[in-house]
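J.: Quick one: the structure is below, questions incoming.
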Amino acid sequence: MKAKFWIGIIISIVFLYLFFRKVDFYELWRSLKGVNYFYIIPIIMLMPVMFFVRAERWRCLLIPIRNIGIPSLFSATVIGFAANNILPARIGEIVRAYVIGRKENISKSSALATIIVERFFDGLMVILFILLIIAFPPFKEVEIIERLKGAALLLSGIFIGGVVAMIFLKYNTTVALEWAKFLFSPLPPRFSEKLLGILKSFAEGLGVIGKGGYIFLIFIYSIIIWFLAVLVAYILLPAFSLKGLPIMAVIFIQVAIAFGVSVPSAPGYVGTFHYACALGLGLLGVDSYTAKSFAIVMWAVSIIPVTVLGLFFLWRDNLSLREIKE
């Protein structure tokens with residue numbers, strides 16, 4: 001955990017250096033002063049809607065285990081996202097599984113499996129967004145389009161491989177456990193048995209696989225979630241006098257941010273988020289100071305509200321950051 005933390009810190013420092021390199025801070029401050037912050041209000045109002053849809057999507061994934069109410073799922077989801085912004089090593093997903101397991105008395109490993117399935121749907125949306133950008137590019141640079149094709153191919157390979165692995169684990173659990181038992185054999189018996197128990201619970205969390213109706217519904221919820229993410233960026237554009245950018249440009253910005261936050265970093269995606277967002281805007285022809293100002297404000301509206309709300313839910317549910325870290 002400590003190694004991951006320091007690696008993330010170093011990577012964030014590198015990207016912050018790249019972000020602020022050759023920046024005149026007075027000009028950056030002037031750019032930030034010129035922003036119409038009124039547009040932040042509807043964005044903050046949209047955030048609970050986005051997390052409500054996320055909670056509803058998670059409910060569908062958890063139904064084979066238990067039909068859990070939206071209030072519990074909403075608070076656990078927000079706490080998980082807040083944990084990613086506060087705690088090291090991107091443990092927000094584990095925190096979500098821990099919180100919902102504690103609140104609803106279900107297997108934390110099974111809950112974590114549903115979150116991993118959820119992440120595969122998010123990955124699918126990124127692939128679809130990239131394909132849309134390739135089909136209707138908001139820029140003329142052929143090199144960018146070729147790189148996007150390569151990214152789409154790589155992500156598709158990872159996506160297909162992951163789906164095949166989960167399907168195998170779901171429908172051939174006994175075989176998978178036997179393989180795992182062999183792989184874990186060099187470990188102490190007590191530790192090996194614990195790992196096998198976790199893997200078995202994890203397989204139980206894949207119950208939604210094969211339920212076509214739920215899979216379709218989860219896919220629809222994923223489209224709505226990513227549409228709302230695009231809408232957030234689109235609403236923010238006029239605050240920077242960027243009304244002329246087409247919707248495909250906004251989708252490209254979100255894809256750039258998605259790649260940025262996938263890189264290991266300090267808590268809150270510091271540096272990687274900023275650099276990726278500004279780079280995406282720069283490739284769209286937006287001037288450097290406007291792009292950097294947009295990245296700073298976009299990061300703030302994406303991180304601060306959910307972190308505050310997550311801390312509130314931690315307090316309400318009698319949880320502490322120390323307990324979660326342990």
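Residue names in the structure tokens use chain letters A, B, ... in the order shown, residue numbers from 1 in each chain, and ligand numbers from 1 in the order shown.
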Would you pick out the contacts of Phe129 (chain A) at 10 Å or less, using only C-alpha atoms, so that residues sharing its chain but fewer than 5 positions from it are not included, and give the list as a VMD selection string?
T.: chain A and resid 123 to 124 134 to 135 152 226 248 251 to 252 254 to 255
J.: Extract, using only C-alpha atoms, all DNA, RNA and protein residues at most 9 Å from region 139-142 of chain A, discarding same-chain residues fewer than 5 positions from it, and format them as a PyMOL selection string.
T.: chain A and resi 147+249+283-285
J.: Pick out the closest residue to Phe51 (chain A) from this set: A:Leu155, A:Leu319, A:Val78, A:Leu199. Count only C-alpha atoms.
T.: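 Counting only C-alpha atoms, the residue closest to Phe51 (chain A) is A:Val78.
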J.: So what do you get for CA of Pro64 (chain A) versus CA of Ile209 (chain A), distance-wise?
T.: 9.6 Å
J.: Using only C-alpha atoms, which of the listed residues (A:Lys149, A:Arg90, A:Lys194, A:Arg96) sits closest to Phe74 (chain A)?
T.: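 Checking each candidate against Phe74 (chain A), we get A:Arg96 as the closest.
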J.: Residues within 9 Å of region 295-298 of chain A, please, as a compact mmCIF listing (two decimals) with C-alpha atoms, in the first residue's frame. Count only C-alpha atoms; anything in the same chain fewer than 6 positions from it doesn't count.
T.:
```
# COMPACT_ATOMS: atom_id res chain seq x y z
CA LEU A 32 -9.87 31.72 -13.79
CA ILE A 40 -21.33 25.32 -11.66
CA VAL A 232 -21.53 18.05 -17.14
CA ALA A 233 -18.64 19.03 -19.42
CA LEU A 236 -19.38 23.97 -18.29
CA PHE A 273 -6.90 14.53 -14.45
CA HIS A 274 -5.69 18.09 -15.04
CA TYR A 275 -3.10 17.20 -17.66
CA ALA A 276 -5.39 14.84 -19.61
CA CYS A 277 -8.27 17.32 -19.66
CA ALA A 278 -6.08 20.24 -20.75
CA LEU A 281 -8.85 20.60 -25.08
```
J.: Give the answer as one residue: which of A:Asp122, A:Glu178, A:Asp317, A:Asp287 has the shortest atom-to-atom distance to Lys200 (chain A), using only C-alpha atoms?
T.: A:Glu178
J.: So, with only C-alpha atoms as the atoms that count, which of A:Leu46, A:Ile91, A:Leu183, A:Leu61 lies closest to Lys4 (chain A)?
T.: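 For Lys4 (chain A), the nearest of the candidates is A:Ile91.
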J.: Could you check the closest approach to Ala3 (chain A) for each of A:Lys292, A:Val301, A:Lys108, A:Ser265 and tell me which residue wins, using only C-alpha atoms?
T.: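 Among the listed residues, A:Ser265 lies closest to Ala3 (chain A).
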